[in-house]
>>> print(open('target.txt').read())   # compact mmCIF, C-alpha atoms
# COMPACT_ATOMS: atom_id res chain seq x y z
CA MET B 1 0.00 0.00 0.00
CA THR B 2 1.45 3.37 -0.96
CA THR B 3 1.15 6.04 1.63
CA THR B 4 1.84 9.72 1.68
CA ASN B 5 2.65 11.89 4.64
CA LYS B 6 0.37 14.61 5.78
CA THR B 7 1.19 17.10 8.52
CA VAL B 8 -1.72 18.01 10.75
CA PRO B 9 -1.10 21.25 12.64
CA VAL B 10 -2.46 21.42 16.21
CA HIS B 11 -0.53 24.00 18.26
CA ARG B 12 -2.24 23.73 21.59
CA ASP B 13 -1.46 22.72 25.13
CA VAL B 14 -1.85 19.00 25.79
CA LYS B 15 -4.21 19.91 28.65
CA ALA B 16 -6.26 22.39 26.58
CA GLU B 17 -9.44 20.32 26.73
CA LEU B 18 -9.25 19.81 30.50
CA ARG B 19 -8.52 23.50 30.93
CA GLN B 20 -11.63 24.37 28.96
CA GLN B 21 -13.69 22.08 31.21
CA ALA B 22 -12.11 23.70 34.26
CA GLU B 23 -12.94 27.17 32.94
CA GLU B 24 -16.59 26.25 32.42
CA MET B 25 -16.84 24.75 35.91
CA ARG B 26 -15.19 27.83 37.40
CA GLN B 27 -17.87 30.04 35.87
CA THR B 28 -20.66 27.77 37.07
CA PHE B 29 -19.28 27.83 40.62
CA ALA B 30 -18.94 31.61 40.49
CA LYS B 31 -22.58 32.04 39.45
CA ARG B 32 -23.60 29.79 42.33
CA GLY B 33 -21.49 31.82 44.77
CA THR B 34 -19.09 28.98 45.59
CA LEU B 35 -15.45 29.99 45.87
CA VAL B 36 -13.25 27.07 44.85
CA VAL B 37 -9.87 26.98 46.61
CA ASN B 38 -7.11 24.63 45.46
CA VAL B 39 -4.85 23.97 48.45
CA LEU B 40 -1.34 22.78 47.66
CA SER B 41 1.87 22.02 49.53
CA SER B 42 4.48 19.37 50.11
CA PRO B 43 3.36 16.40 52.28
CA GLY B 44 2.95 17.29 55.94
CA ALA B 45 2.88 21.09 55.59
CA GLY B 46 -0.50 21.22 57.33
CA LYS B 47 -3.18 21.39 54.63
CA THR B 48 -5.64 19.21 56.55
CA SER B 49 -4.92 21.00 59.84
CA LEU B 50 -5.55 24.37 58.19
CA LEU B 51 -8.88 23.17 56.81
CA GLU B 52 -9.88 21.67 60.18
CA ALA B 53 -9.04 24.95 61.88
CA THR B 54 -10.91 26.91 59.21
CA ALA B 55 -14.04 24.79 59.68
CA ARG B 56 -13.83 25.17 63.47
CA HIS B 57 -13.33 28.92 63.14
CA TRP B 58 -16.39 29.37 60.95
CA GLY B 59 -18.65 26.86 62.64
CA ASP B 60 -22.14 27.30 61.15
CA ARG B 61 -21.43 30.76 59.80
CA ARG B 62 -20.12 29.52 56.42
CA ARG B 63 -21.04 26.48 54.39
CA MET B 64 -17.84 24.72 53.37
CA ALA B 65 -17.02 21.36 51.85
CA VAL B 66 -13.74 19.62 51.09
CA LEU B 67 -12.58 17.28 48.35
CA VAL B 68 -9.40 15.71 49.59
CA GLY B 69 -6.86 13.95 47.39
CA ASP B 70 -4.77 11.11 48.71
CA LEU B 71 -2.70 8.41 47.05
CA ALA B 72 -3.95 5.51 49.10
CA THR B 73 -5.85 6.25 52.33
CA ASP B 74 -8.89 8.18 53.57
CA ARG B 75 -7.15 9.43 56.73
CA ASP B 76 -7.52 13.12 55.86
CA ALA B 77 -11.17 12.68 54.99
CA GLN B 78 -11.76 11.02 58.36
CA ARG B 79 -10.13 13.95 60.13
CA LEU B 80 -12.31 16.47 58.31
CA ALA B 81 -15.58 14.53 58.45
CA PRO B 82 -16.62 15.76 61.95
CA HIS B 83 -16.38 19.38 60.71
CA CYS B 84 -17.91 19.54 57.22
CA PRO B 85 -19.04 17.52 54.18
CA VAL B 86 -15.98 15.82 52.72
CA GLU B 87 -15.24 13.36 49.92
CA GLN B 88 -12.05 11.44 49.43
CA LEU B 89 -10.43 11.41 45.99
CA THR B 90 -8.12 8.41 45.90
CA THR B 91 -5.67 8.85 43.06
CA GLY B 92 -4.43 5.26 43.14
CA GLY B 93 -0.81 6.31 43.34
CA ALA B 94 -0.98 9.35 41.07
CA CYS B 95 0.85 12.39 42.40
CA HIS B 96 -1.74 15.04 41.56
CA LEU B 97 -5.46 15.61 41.01
CA GLU B 98 -7.09 16.13 37.63
CA ILE B 99 -10.46 17.53 36.74
CA PRO B 100 -12.24 14.18 36.03
CA LEU B 101 -11.49 13.03 39.59
CA VAL B 102 -12.80 16.33 40.95
CA LYS B 103 -16.03 15.82 39.00
CA GLN B 104 -16.45 12.36 40.53
CA GLY B 105 -15.93 13.83 43.98
CA LEU B 106 -18.50 16.54 43.34
CA ALA B 107 -21.05 13.96 42.23
CA LYS B 108 -20.46 12.02 45.47
CA LEU B 109 -20.82 15.16 47.58
CA GLY B 110 -24.37 15.38 46.29
CA SER B 111 -25.14 18.93 47.34
CA ASN B 112 -23.50 21.84 45.59
CA ASP B 113 -24.83 24.50 47.93
CA PHE B 114 -21.60 25.74 49.49
CA ASP B 115 -19.93 29.10 50.08
CA PHE B 116 -16.50 27.51 49.87
CA LEU B 117 -15.26 24.35 48.21
CA PHE B 118 -11.72 23.43 49.17
CA ILE B 119 -9.78 20.95 47.08
CA GLU B 120 -6.95 19.59 49.17
CA ASN B 121 -4.45 18.42 46.60
CA VAL B 122 -1.98 15.56 46.92
CA GLY B 123 1.10 16.64 48.87
CA ASN B 124 3.57 17.58 46.14
CA LEU B 125 5.08 20.92 45.08
CA VAL B 126 5.68 19.88 41.47
CA CYS B 127 3.01 18.11 39.44
CA PRO B 128 -0.19 19.64 40.93
CA ALA B 129 1.06 23.07 39.76
CA SER B 130 0.30 22.11 36.16
CA HIS B 131 -3.33 21.11 36.68
CA ASP B 132 -6.24 23.54 36.71
CA LEU B 133 -8.98 22.17 39.00
CA ALA B 134 -11.52 24.95 38.30
CA GLU B 135 -10.27 26.89 41.31
CA HIS B 136 -10.77 30.63 41.77
CA VAL B 137 -7.88 30.81 44.20
CA ARG B 138 -4.76 28.70 44.37
CA VAL B 139 -3.15 28.67 47.80
CA VAL B 140 0.24 27.17 48.52
CA LEU B 141 1.29 26.28 52.06
CA LEU B 142 4.89 26.41 53.19
CA SER B 143 5.61 25.20 56.69
CA VAL B 144 8.49 26.82 58.53
CA THR B 145 10.25 23.46 58.98
CA GLU B 146 10.64 23.11 55.21
CA GLY B 147 13.03 26.04 54.90
CA ASP B 148 12.69 29.57 53.54
CA ASP B 149 14.47 28.71 50.27
CA LYS B 150 11.64 26.64 48.82
CA PRO B 151 9.82 29.20 46.61
CA GLY B 152 12.79 29.59 44.25
CA LYS B 153 13.14 25.81 43.99
CA TYR B 154 9.52 25.30 42.90
CA PRO B 155 8.91 28.30 40.63
CA LYS B 156 5.87 26.94 38.83
CA MET B 157 4.00 26.25 42.06
CA PHE B 158 4.61 29.73 43.46
CA ARG B 159 4.18 31.50 40.11
CA THR B 160 0.71 30.00 39.64
CA SER B 161 -0.51 30.67 43.20
CA GLN B 162 -2.34 33.75 44.43
CA ALA B 163 -1.74 33.22 48.14
CA LEU B 164 0.95 31.77 50.36
CA VAL B 165 0.14 30.49 53.83
CA VAL B 166 3.26 30.14 55.95
CA SER B 167 2.20 27.40 58.37
CA LYS B 168 3.39 26.06 61.74
CA THR B 169 4.53 29.55 62.78
CA ASP B 170 4.57 28.41 66.43
CA LEU B 171 7.80 26.58 65.53
CA LEU B 172 9.54 29.74 64.28
CA PRO B 173 11.64 30.19 67.45
CA HIS B 174 13.05 26.67 66.99
CA VAL B 175 13.98 26.60 63.30
CA PRO B 176 16.29 28.65 61.09
CA PHE B 177 13.46 30.06 58.97
CA SER B 178 13.30 33.71 58.02
CA LEU B 179 9.78 34.83 57.21
CA ASP B 180 11.18 37.86 55.36
CA ALA B 181 13.52 35.72 53.26
CA ALA B 182 10.69 33.34 52.33
CA ILE B 183 8.38 36.19 51.37
CA ARG B 184 11.12 37.93 49.37
CA ASP B 185 11.93 34.70 47.53
CA ALA B 186 8.28 34.01 46.78
CA ARG B 187 7.59 37.55 45.55
CA GLN B 188 10.56 37.37 43.15
CA ILE B 189 8.48 34.75 41.41
CA GLN B 190 4.98 36.08 42.05
CA PRO B 191 4.93 39.78 43.06
CA ASP B 192 1.16 39.81 43.71
CA LEU B 193 1.27 36.92 46.18
CA THR B 194 -0.77 37.50 49.35
CA VAL B 195 1.19 36.12 52.29
CA MET B 196 -0.44 34.95 55.53
CA PRO B 197 1.45 33.41 58.44
CA VAL B 198 -0.87 30.95 60.21
CA CYS B 199 -0.61 28.57 63.14
CA SER B 200 -3.51 26.14 62.82
CA LEU B 201 -2.95 24.70 66.30
CA SER B 202 -3.10 27.97 68.23
CA GLY B 203 -5.38 29.76 65.76
CA GLU B 204 -2.93 32.61 65.28
CA GLY B 205 -3.40 34.18 61.83
CA LEU B 206 -6.62 32.27 61.23
CA GLU B 207 -8.76 35.40 61.39
CA GLN B 208 -6.74 37.00 58.58
CA TRP B 209 -6.88 33.81 56.48
CA CYS B 210 -10.66 33.52 56.84
CA ARG B 211 -11.12 37.21 56.05
CA TYR B 212 -8.98 36.74 52.94
CA LEU B 213 -11.27 33.90 51.82
CA ASP B 214 -14.39 36.00 52.45
CA ASP B 215 -12.90 38.89 50.43
CA GLN B 216 -11.99 36.59 47.56
CA ARG B 217 -15.52 35.23 47.52
CA LYS B 218 -17.03 38.72 47.49
CA ASP B 219 -14.74 39.73 44.61
CA MET B 220 -15.67 36.60 42.69
CA ILE B 221 -19.39 37.24 43.12
CA ALA B 222 -19.04 40.91 42.13
CA LYS B 223 -17.03 39.94 39.05
CA SER B 224 -19.50 37.22 38.09
CA VAL B 225 -22.37 39.73 38.25
CA THR B 226 -20.44 42.28 36.16
CA ASP B 227 -19.67 39.58 33.58
CA GLU B 228 -23.34 38.66 33.35
CA VAL B 229 -24.37 42.28 32.92
CA ARG B 230 -21.75 42.61 30.19
CA VAL B 231 -23.10 39.52 28.42
CA ALA B 232 -26.68 40.81 28.76
CA VAL B 233 -25.71 44.20 27.30
CA MET I 1 5.68 12.30 38.15
CA HIS I 2 2.65 13.18 36.05
CA GLU I 3 4.38 12.71 32.70
CA PHE I 4 2.74 9.32 32.15
CA SER I 5 -0.75 10.75 32.45
CA LEU I 6 0.13 13.68 30.16
CA VAL I 7 1.72 11.40 27.56
CA ARG I 8 -1.34 9.11 27.64
CA SER I 9 -3.52 12.15 27.04
CA LEU I 10 -1.23 13.27 24.21
CA LEU I 11 -1.44 9.85 22.54
CA ARG I 12 -5.24 9.82 22.87
CA GLN I 13 -5.43 13.18 21.14
CA VAL I 14 -3.11 12.05 18.35
CA GLY I 15 -5.14 8.83 18.01
CA ASP I 16 -8.28 10.94 17.53
CA LEU I 17 -6.54 13.01 14.85
CA LEU I 18 -5.48 9.83 13.09
CA VAL I 19 -9.10 8.67 12.84
CA GLU I 20 -10.38 12.13 11.95
CA HIS I 21 -7.94 12.42 9.04
CA GLY I 22 -8.36 8.84 7.85
CA GLY I 23 -4.68 8.03 8.38
CA VAL I 24 -3.19 4.55 8.52
CA GLY I 25 -0.37 5.37 10.93
CA VAL I 26 1.48 8.10 12.74
CA LYS I 27 5.01 8.95 11.63
CA ALA I 28 5.95 11.73 14.00
CA ILE I 29 4.54 13.73 16.89
CA ARG I 30 6.08 17.13 17.49
CA VAL I 31 5.74 18.70 20.95
CA GLU I 32 7.09 21.79 22.62
CA MET I 33 8.24 22.26 26.20
CA GLY I 34 10.02 24.93 28.17
CA PRO I 35 11.42 25.63 31.64
CA LEU I 36 7.97 26.17 33.20
CA SER I 37 6.08 23.44 31.35
CA GLY I 38 6.08 21.32 34.47
CA VAL I 39 7.39 18.27 32.61
CA GLU I 40 10.80 16.64 32.50
CA ARG I 41 12.11 15.78 29.05
CA GLN I 42 13.59 12.42 30.09
CA LEU I 43 10.39 11.36 31.82
CA VAL I 44 8.30 12.36 28.81
CA GLU I 45 10.58 10.29 26.57
CA LEU I 46 10.43 7.34 28.94
CA ALA I 47 6.64 7.54 29.20
CA PHE I 48 6.31 7.90 25.43
CA ASP I 49 8.44 4.82 24.69
CA GLN I 50 6.41 2.72 27.12
CA GLU I 51 2.97 3.97 26.19
CA VAL I 52 3.15 4.43 22.43
CA VAL I 53 3.44 0.69 21.67
CA MET I 54 -0.01 0.14 23.18
CA THR I 55 -1.71 2.71 20.95
CA PRO I 56 -2.56 3.22 17.26
CA CYS I 57 0.40 5.66 17.24
CA ARG I 58 2.98 2.85 17.62
CA GLY I 59 5.98 3.39 15.41
CA ALA I 60 5.70 7.15 15.75
CA ARG I 61 8.72 9.26 16.55
CA LEU I 62 8.50 11.85 19.31
CA VAL I 63 10.17 15.12 18.39
CA ILE I 64 10.69 17.45 21.33
CA GLU I 65 11.38 21.12 20.74
CA GLU I 66 12.76 22.91 23.76
CA VAL I 67 11.91 26.59 23.91
CA SER I 68 13.09 29.23 26.34
CA LEU I 69 10.96 31.17 28.76
CA THR I 70 9.72 34.40 27.19
CA ALA I 71 7.73 37.23 28.69
CA ILE I 72 6.17 40.60 28.01
CA CYS I 73 6.32 43.46 30.50
CA GLN I 74 2.91 44.79 31.49
CA ASP I 75 4.39 48.21 32.21
CA CYS I 76 6.77 49.01 29.33
CA ARG I 77 5.56 46.29 26.90
CA ALA I 78 9.13 45.07 26.29
CA GLU I 79 9.30 41.47 25.11
CA PHE I 80 12.26 39.49 26.33
CA GLN I 81 13.76 36.10 27.03
CA MET I 82 14.06 35.25 30.71
CA GLN I 83 17.27 34.10 32.33
CA GLY I 84 16.51 31.52 34.98
CA PHE I 85 13.43 32.22 37.07
CA ASP I 86 13.93 35.84 37.92
CA PHE I 87 10.55 37.25 36.99
CA VAL I 88 11.68 40.78 36.28
CA CYS I 89 11.55 42.98 33.15
CA HIS I 90 14.93 43.32 31.46
CA SER I 91 14.20 46.89 30.37
CA CYS I 92 12.40 48.64 33.24
CA GLU I 93 12.84 46.09 36.07
CA SER I 94 9.10 45.90 36.65
CA ARG I 95 7.86 42.66 38.21
CA GLN I 96 4.53 42.88 36.41
CA ILE I 97 5.41 40.56 33.59
CA GLN I 98 3.38 38.02 31.72
CA ILE I 99 4.85 34.76 30.49
CA THR I 100 4.32 34.35 26.75
CA GLY I 101 6.14 31.07 26.10
CA GLY I 102 7.90 28.14 27.70
CA ASP I 103 5.23 27.44 30.31
CA GLU I 104 3.17 24.88 28.43
CA PHE I 105 3.51 21.33 27.16
CA ARG I 106 2.17 21.81 23.65
CA LEU I 107 1.29 19.47 20.83
CA LEU I 108 2.61 21.26 17.74
CA ASP I 109 1.77 18.97 14.86
CA VAL I 110 1.47 15.36 13.78
CA ASP I 111 2.77 13.60 10.68
CA ILE I 112 0.18 11.11 9.61
CA ALA I 113 0.56 8.45 6.92
CA VAL I 114 -2.39 8.48 4.57
CA SER I 115 -2.87 5.65 2.08
CA GLU I 116 -3.20 6.69 -1.57
CA ALA I 117 -6.36 4.60 -1.81
CA SER I 118 -8.08 6.33 1.06
CA ARG I 119 -6.94 9.67 -0.34
CA SER I 120 -8.58 9.06 -3.71
CA GLU I 121 -11.67 7.66 -1.97
CA LEU I 122 -11.83 10.86 0.00
CA HIS I 123 -11.58 12.89 -3.20
CA GLN I 124 -14.32 10.85 -4.84
CA ARG I 125 -16.58 11.41 -1.87
CA VAL I 126 -15.89 15.13 -2.05
>>> encode(input="target.txt", output="structure tokens")
Amino acid sequence: MTTTNKTVPVHRDVKAELRQQAEEMRQTFAKRGTLVVNVLSSPGAGKTSLLEATARHWGDRRRMAVLVGDLATDRDAQRLAPHCPVEQLTTGGACHLEIPLVKQGLAKLGSNDFDFLFIENVGNLVCPASHDLAEHVRVVLLSVTEGDDKPGKYPKMFRTSQALVVSKTDLLPHVPFSLDAAIRDARQIQPDLTVMPVCSLSGEGLEQWCRYLDDQRKDMIAKSVTDEVRVAV
Amino acid sequence: MHEFSLVRSLLRQVGDLLVEHGGVGVKAIRVEMGPLSGVERQLVELAFDQEVVMTPCRGARLVIEEVSLTAICQDCRAEFQMQGFDFVCHSCESRQIQITGGDEFRLLDVDIAVSEASRSELHQRV
């Protein structure tokens, strides 16, 4: 059989289709008034503790739910279950979450009537940075025991985040971690980064973190309304 | 290491193109990556070699084009190539810069083998 070659031009990101799905979901969430927050960090930086503390801080005043990614167990989901609706996303060994898994989790959650939906990503500062999960805000946690030189080592993660939570600040007196150095390093990469030092155990900084989330949600709702008016006009 | 899942997705997309264009095989797949693509070249190559044999793309060559990180300054509009990961404008030193290249893992194009028969069939149908 004689064949000829034909070049088919594509020129698009390999994740373009998933990104499009994420964009559509982001808009739907915005219209519903649900702020989606993608929470990322290395393993053990305190993502689950921060979400537990957030749920305790708000109590019944905000409706929040969590989708929590884990390679193998449902330990984080069990920790969060007493505080708010939570669904486990077991990645089966994969190092990051992708939008199809988030959709499955949402279906299992049943209700979609939330003020805040947190997606606790798999602990990893590399791969999750490349995957849009329909979030409005991407938050990266850096615990003080990890060292203040981490932002420069994981540029994509910090470049694509809007907020940095410096966690475990109660340990600051015991570790060689300079808050200023960490912030300077992170802002080299992402000048608009909002930085919030938080200790989930003592609750220090939690007020500021929760206010930040409220502000982000208000901005999202205002923007969503403006967009709709623009479309209508 | 998410390269396997990305390469699987890449091969699915190329497989779809193969069907769409009535090809009989894939000769080459050209992709682009840069310093902020979030993928490692060696891992992409490893994943490709392992995965491609299980797909209709088997036999295809993976051609990787490495591009540098480029940006445009939001303040002075200068376009420049970044050195390392210092996100600062080379002209006015502003930090309000937007990345314009080198931060994606892109499928550029695909060389598909089309049989002469199916080509003429196509023409007849048209």
>>> atom_distance(input="target.txt", atom1="CA of Ala30 (chain B)", atom2="CA of Arg159 (chain B)")
23.1 Å
>>> closest_residue(input="target.txt", among="I:Ser94, I:Gln42, I:Ser115, I:Gln81", to="chain B", atoms="all atoms listed in the file")
I:Ser115
>>> residues_around(input="target.txt", residues="Asp185 (chain B)", least_positions_apart="2", cutoff="9 Å", atoms="all atoms listed in the file", output="ChimeraX atom specification")
/B:148-152,180-183,187-190
>>> residues_around(input="target.txt", residues="region 23-39 of chain I", least_positions_apart="5", cutoff="6 Å", atoms="all atoms listed in the file", output="PyMOL selection string")
chain I and resi 18+57+60-68+102-114
>>> closest_residue(input="target.txt", among="B:Arg75, B:Arg56, B:Lys15, B:Arg184", to="chain I", atoms="all atoms listed in the file")
B:Lys15
>>> closest_atom_pairs(input="target.txt", of="chain B", to="chain I", cutoff="10 Å", atoms="all atoms listed in the file", output="tab-separated table")
residue	atom	partner	partner_atom	distance
B:Met1	CA	I:Ser115	CA	6.7
B:Thr2	CA	I:Glu116	CA	5.7
B:Thr3	CA	I:Ser115	CA	4.1
B:Thr4	CA	I:Val114	CA	5.3
B:Asn5	CA	I:Ala113	CA	4.6
B:Lys6	CA	I:Ile112	CA	5.2
B:Thr7	CA	I:Asp111	CA	4.4
B:Val8	CA	I:Val110	CA	5.1
B:Pro9	CA	I:Asp109	CA	4.3
B:Val10	CA	I:Asp109	CA	5.1
B:His11	CA	I:Leu108	CA	4.2
B:Arg12	CA	I:Arg106	CA	5.2
B:Asp13	CA	I:Arg106	CA	4.0
B:Val14	CA	I:Arg106	CA	5.4
B:Lys15	CA	I:Leu6	CA	7.7
B:Ala16	CA	I:Arg106	CA	8.9
B:Glu17	CA	I:Gln13	CA	9.9
B:Ala94	CA	I:His2	CA	7.3
B:Cys95	CA	I:Met1	CA	6.4
B:His96	CA	I:His2	CA	7.3
B:Leu97	CA	I:His2	CA	9.8
B:Glu98	CA	I:Ser5	CA	9.8
B:Asn124	CA	I:Met1	CA	9.8
B:Val126	CA	I:Gly38	CA	7.2
B:Cys127	CA	I:His2	CA	6.0
B:Pro128	CA	I:His2	CA	8.6
B:Ala129	CA	I:Gly38	CA	7.5
B:Ser130	CA	I:Gly38	CA	6.1
B:His131	CA	I:Gly38	CA	9.7
B:Gly152	CA	I:Phe85	CA	7.7
B:Lys153	CA	I:Phe85	CA	9.4
B:Tyr154	CA	I:Phe85	CA	9.9
B:Pro155	CA	I:Phe85	CA	7.0
B:Lys156	CA	I:Leu36	CA	6.1
B:Met157	CA	I:Gly38	CA	9.3
B:Arg159	CA	I:Phe87	CA	9.1
B:Asp185	CA	I:Asp86	CA	9.9
B:Arg187	CA	I:Arg95	CA	8.9
B:Gln188	CA	I:Phe87	CA	6.2
B:Ile189	CA	I:Phe87	CA	5.5
B:Gln190	CA	I:Phe87	CA	7.6
B:Pro191	CA	I:Arg95	CA	6.4
B:Asp192	CA	I:Gln96	CA	8.6
>>> closest_residue(input="target.txt", among="B:Leu172, B:Leu206, B:Val198, B:Val102", to="Asn121 (chain B)", atoms="all atoms listed in the file")
B:Val102
>>> residues_around(input="target.txt", residues="Gln74 (chain I)", least_positions_apart="2", cutoff="12 Å", atoms="all atoms listed in the file", output="ChimeraX atom specification")
/I:71-72,76-80,88-89,91-100
>>> residues_around(input="target.txt", residues="Val36 (chain B)", least_positions_apart="4", cutoff="7 Å", atoms="all atoms listed in the file", output="ChimeraX atom specification")
/B:116-118,135-137
>>> closest_residue(input="target.txt", among="B:Leu142, B:Ile221, B:Met25, B:Val68", to="Val195 (chain B)", atoms="all atoms listed in the file")
B:Leu142
>>> decode(input="target.txt", residues="region 24-84 of chain B", atoms="C-alpha atoms", output="PDB file, in the first residue's frame")
ATOM      1  CA  GLU B  24     -16.592  26.252  32.417  1.00  0.00           C
ATOM      2  CA  MET B  25     -16.837  24.746  35.905  1.00  0.00           C
ATOM      3  CA  ARG B  26     -15.186  27.830  37.405  1.00  0.00           C
ATOM      4  CA  GLN B  27     -17.870  30.037  35.866  1.00  0.00           C
ATOM      5  CA  THR B  28     -20.665  27.767  37.069  1.00  0.00           C
ATOM      6  CA  PHE B  29     -19.280  27.826  40.615  1.00  0.00           C
ATOM      7  CA  ALA B  30     -18.943  31.606  40.487  1.00  0.00           C
ATOM      8  CA  LYS B  31     -22.581  32.035  39.454  1.00  0.00           C
ATOM      9  CA  ARG B  32     -23.600  29.786  42.332  1.00  0.00           C
ATOM     10  CA  GLY B  33     -21.492  31.815  44.773  1.00  0.00           C
ATOM     11  CA  THR B  34     -19.088  28.985  45.587  1.00  0.00           C
ATOM     12  CA  LEU B  35     -15.453  29.993  45.871  1.00  0.00           C
ATOM     13  CA  VAL B  36     -13.246  27.073  44.853  1.00  0.00           C
ATOM     14  CA  VAL B  37      -9.874  26.980  46.606  1.00  0.00           C
ATOM     15  CA  ASN B  38      -7.109  24.628  45.456  1.00  0.00           C
ATOM     16  CA  VAL B  39      -4.854  23.967  48.454  1.00  0.00           C
ATOM     17  CA  LEU B  40      -1.336  22.778  47.657  1.00  0.00           C
ATOM     18  CA  SER B  41       1.869  22.015  49.535  1.00  0.00           C
ATOM     19  CA  SER B  42       4.478  19.365  50.108  1.00  0.00           C
ATOM     20  CA  PRO B  43       3.362  16.399  52.277  1.00  0.00           C
ATOM     21  CA  GLY B  44       2.953  17.287  55.936  1.00  0.00           C
ATOM     22  CA  ALA B  45       2.876  21.086  55.590  1.00  0.00           C
ATOM     23  CA  GLY B  46      -0.500  21.219  57.328  1.00  0.00           C
ATOM     24  CA  LYS B  47      -3.177  21.392  54.626  1.00  0.00           C
ATOM     25  CA  THR B  48      -5.645  19.214  56.548  1.00  0.00           C
ATOM     26  CA  SER B  49      -4.917  21.001  59.836  1.00  0.00           C
ATOM     27  CA  LEU B  50      -5.547  24.370  58.194  1.00  0.00           C
ATOM     28  CA  LEU B  51      -8.882  23.170  56.808  1.00  0.00           C
ATOM     29  CA  GLU B  52      -9.884  21.672  60.179  1.00  0.00           C
ATOM     30  CA  ALA B  53      -9.037  24.955  61.880  1.00  0.00           C
ATOM     31  CA  THR B  54     -10.909  26.914  59.210  1.00  0.00           C
ATOM     32  CA  ALA B  55     -14.043  24.791  59.679  1.00  0.00           C
ATOM     33  CA  ARG B  56     -13.833  25.172  63.469  1.00  0.00           C
ATOM     34  CA  HIS B  57     -13.326  28.924  63.141  1.00  0.00           C
ATOM     35  CA  TRP B  58     -16.393  29.375  60.946  1.00  0.00           C
ATOM     36  CA  GLY B  59     -18.653  26.863  62.642  1.00  0.00           C
ATOM     37  CA  ASP B  60     -22.142  27.297  61.148  1.00  0.00           C
ATOM     38  CA  ARG B  61     -21.427  30.760  59.797  1.00  0.00           C
ATOM     39  CA  ARG B  62     -20.118  29.518  56.417  1.00  0.00           C
ATOM     40  CA  ARG B  63     -21.040  26.481  54.395  1.00  0.00           C
ATOM     41  CA  MET B  64     -17.843  24.719  53.367  1.00  0.00           C
ATOM     42  CA  ALA B  65     -17.020  21.359  51.845  1.00  0.00           C
ATOM     43  CA  VAL B  66     -13.745  19.619  51.088  1.00  0.00           C
ATOM     44  CA  LEU B  67     -12.578  17.276  48.351  1.00  0.00           C
ATOM     45  CA  VAL B  68      -9.402  15.708  49.592  1.00  0.00           C
ATOM     46  CA  GLY B  69      -6.861  13.946  47.394  1.00  0.00           C
ATOM     47  CA  ASP B  70      -4.774  11.107  48.713  1.00  0.00           C
ATOM     48  CA  LEU B  71      -2.698   8.411  47.054  1.00  0.00           C
ATOM     49  CA  ALA B  72      -3.955   5.513  49.104  1.00  0.00           C
ATOM     50  CA  THR B  73      -5.846   6.248  52.329  1.00  0.00           C
ATOM     51  CA  ASP B  74      -8.885   8.178  53.573  1.00  0.00           C
ATOM     52  CA  ARG B  75      -7.151   9.431  56.727  1.00  0.00           C
ATOM     53  CA  ASP B  76      -7.515  13.122  55.857  1.00  0.00           C
ATOM     54  CA  ALA B  77     -11.174  12.683  54.985  1.00  0.00           C
ATOM     55  CA  GLN B  78     -11.759  11.019  58.364  1.00  0.00           C
ATOM     56  CA  ARG B  79     -10.132  13.953  60.128  1.00  0.00           C
ATOM     57  CA  LEU B  80     -12.305  16.466  58.309  1.00  0.00           C
ATOM     58  CA  ALA B  81     -15.579  14.527  58.449  1.00  0.00           C
ATOM     59  CA  PRO B  82     -16.619  15.760  61.949  1.00  0.00           C
ATOM     60  CA  HIS B  83     -16.385  19.375  60.710  1.00  0.00           C
ATOM     61  CA  CYS B  84     -17.906  19.541  57.216  1.00  0.00           C
TER      62      CYS B  84
END
